[in-house]
Amino acid sequence: MMAGRRNVSTNAASGANGNGTNGSAGPKRSQRRGGRASSNFNPRLIFSQIVAIQCFHYLMLGVVFQINHAMFGTSITIDRIFTDKYLNVWTWQGWIDNSAIIFSYLFGALLLAIVVEKSKKCLDFSVTLFMIHLISCVWYAGVPKNFDWYMVHIGGTIVMTLLGEYLCSLKELSDIPLLEF
């Protein structure tokens, strides 16, 4: 009887499986990946940030296209967002829509600083915005065949990435306010 008691207390002290891990299959979460805690990975947060940036991007495109309608008399259609029909870098009419798209990417850089707040993630979120937009355009009207569409959108993505990284780094490097007594 005494031998059975000692086994129970020994198993309780060293863990359920005798290796000191309390029945877990491996090291603790905070010890994985070189000692970093895995609490930085939050799929819901990342998904909500992607959705927020995508929605604000389309909202800004809609607002700028409304302004273009009032100022230049352009038509209001969803084709201006999801097709390559109106983008042309060689005409001034094309630059009305080109500038709207570039402006929405500039606004996206500001959104990266507000929503994402990490300069290391700006490239990921910018390319994700571009890829989701490309998939949406393919779904709506097929693969864009106009080379100007790719120039404007890839250029906008580059501008969004670089300006977003700059704004995020400014935010990251800003002084932390301390209470003074």
# chains A, B, ... in the order shown; residues from 1 in each chain; ligands from 1
>>> residues_around(residues="stretch 152-155 of chain A", least_positions_apart="3", cutoff="9 Å", atoms="only C-alpha atoms", output="list in words")
Leu87, Val89, Asn98, Ser99, Ile101, Ile102, Tyr105, Phe130, Phe147, Asp148, Trp149, Ile158, Val159 and Met160 of chain A
>>> closest_atom_pairs(of="stretch 123-142 of chain A", to="stretch 112-115 of chain A", cutoff="12 Å", atoms="only C-alpha atoms", output="tab-separated table")
residue	atom	partner	partner_atom	distance
A:Leu123	CA	A:Leu112	CA	9.8
A:Asp124	CA	A:Leu112	CA	10.6
A:Phe125	CA	A:Leu112	CA	7.9
A:Ser126	CA	A:Leu112	CA	8.4
A:Leu129	CA	A:Leu112	CA	11.1
>>> residues_around(residues="A:Asn68", least_positions_apart="5", cutoff="12 Å", atoms="only C-alpha atoms", output="PDB file with C-alpha atoms, in the first residue's frame")
ATOM      1  CA  LEU A  61     -12.900  55.386 -53.928  1.00  0.00           C
ATOM      2  CA  GLY A  62     -16.653  55.979 -53.878  1.00  0.00           C
ATOM      3  CA  VAL A  63     -16.265  59.405 -52.271  1.00  0.00           C
ATOM      4  CA  GLY A  73     -19.031  65.350 -64.952  1.00  0.00           C
ATOM      5  CA  THR A  74     -17.803  61.753 -65.051  1.00  0.00           C
ATOM      6  CA  SER A  75     -20.369  58.987 -64.830  1.00  0.00           C
ATOM      7  CA  ILE A  76     -20.985  57.244 -61.538  1.00  0.00           C
ATOM      8  CA  THR A  77     -20.679  53.515 -62.062  1.00  0.00           C
ATOM      9  CA  ARG A  80     -14.884  52.677 -62.476  1.00  0.00           C
ATOM     10  CA  GLN A  93      -9.842  61.802 -68.834  1.00  0.00           C
ATOM     11  CA  GLY A  94      -7.983  58.693 -67.756  1.00  0.00           C
ATOM     12  CA  TRP A  95      -6.014  60.670 -65.198  1.00  0.00           C
ATOM     13  CA  ILE A  96      -9.240  61.705 -63.493  1.00  0.00           C
ATOM     14  CA  ASP A  97      -9.783  58.083 -62.457  1.00  0.00           C
ATOM     15  CA  ASN A  98      -6.058  57.385 -62.052  1.00  0.00           C
ATOM     16  CA  SER A  99      -5.771  60.208 -59.555  1.00  0.00           C
ATOM     17  CA  ALA A 100      -8.821  58.917 -57.669  1.00  0.00           C
ATOM     18  CA  ILE A 101      -7.196  55.520 -57.299  1.00  0.00           C
TER      19      ILE A 101
END
>>> atom_distance(atom1="atom CA of A:Glu172", atom2="atom CA of A:Val127")
21.5 Å
>>> atom_distance(atom1="atom CA of A:Leu59", atom2="atom CA of A:Asn146")
23.9 Å
>>> residues_around(residues="A:Val116", least_positions_apart="5", cutoff="9 Å", atoms="only C-alpha atoms", output="PyMOL selection string")
chain A and resi 46+49+111+121-122+125+168
>>> write_last_selection(atoms="C-alpha atoms", output="PDB file, in the first residue's frame")
ATOM      1  CA  ILE A  46      -5.718  40.546 -38.474  1.00  0.00           C
ATOM      2  CA  GLN A  49      -7.832  44.952 -39.880  1.00  0.00           C
ATOM      3  CA  LEU A 111      -5.146  54.001 -42.582  1.00  0.00           C
ATOM      4  CA  LYS A 121       3.153  44.776 -41.408  1.00  0.00           C
ATOM      5  CA  CYS A 122       2.567  47.535 -43.963  1.00  0.00           C
ATOM      6  CA  PHE A 125      -1.518  44.645 -45.635  1.00  0.00           C
ATOM      7  CA  CYS A 168       3.940  53.883 -38.852  1.00  0.00           C
TER       8      CYS A 168
END
>>> closest_residue(among="A:Lys171, A:Lys120, A:Lys85, A:His57", to="A:Leu106", atoms="only C-alpha atoms")
A:His57
>>> closest_residue(among="A:Tyr150, A:Tyr166, A:Tyr140, A:Phe107", to="A:Ile81", atoms="only C-alpha atoms")
A:Tyr140
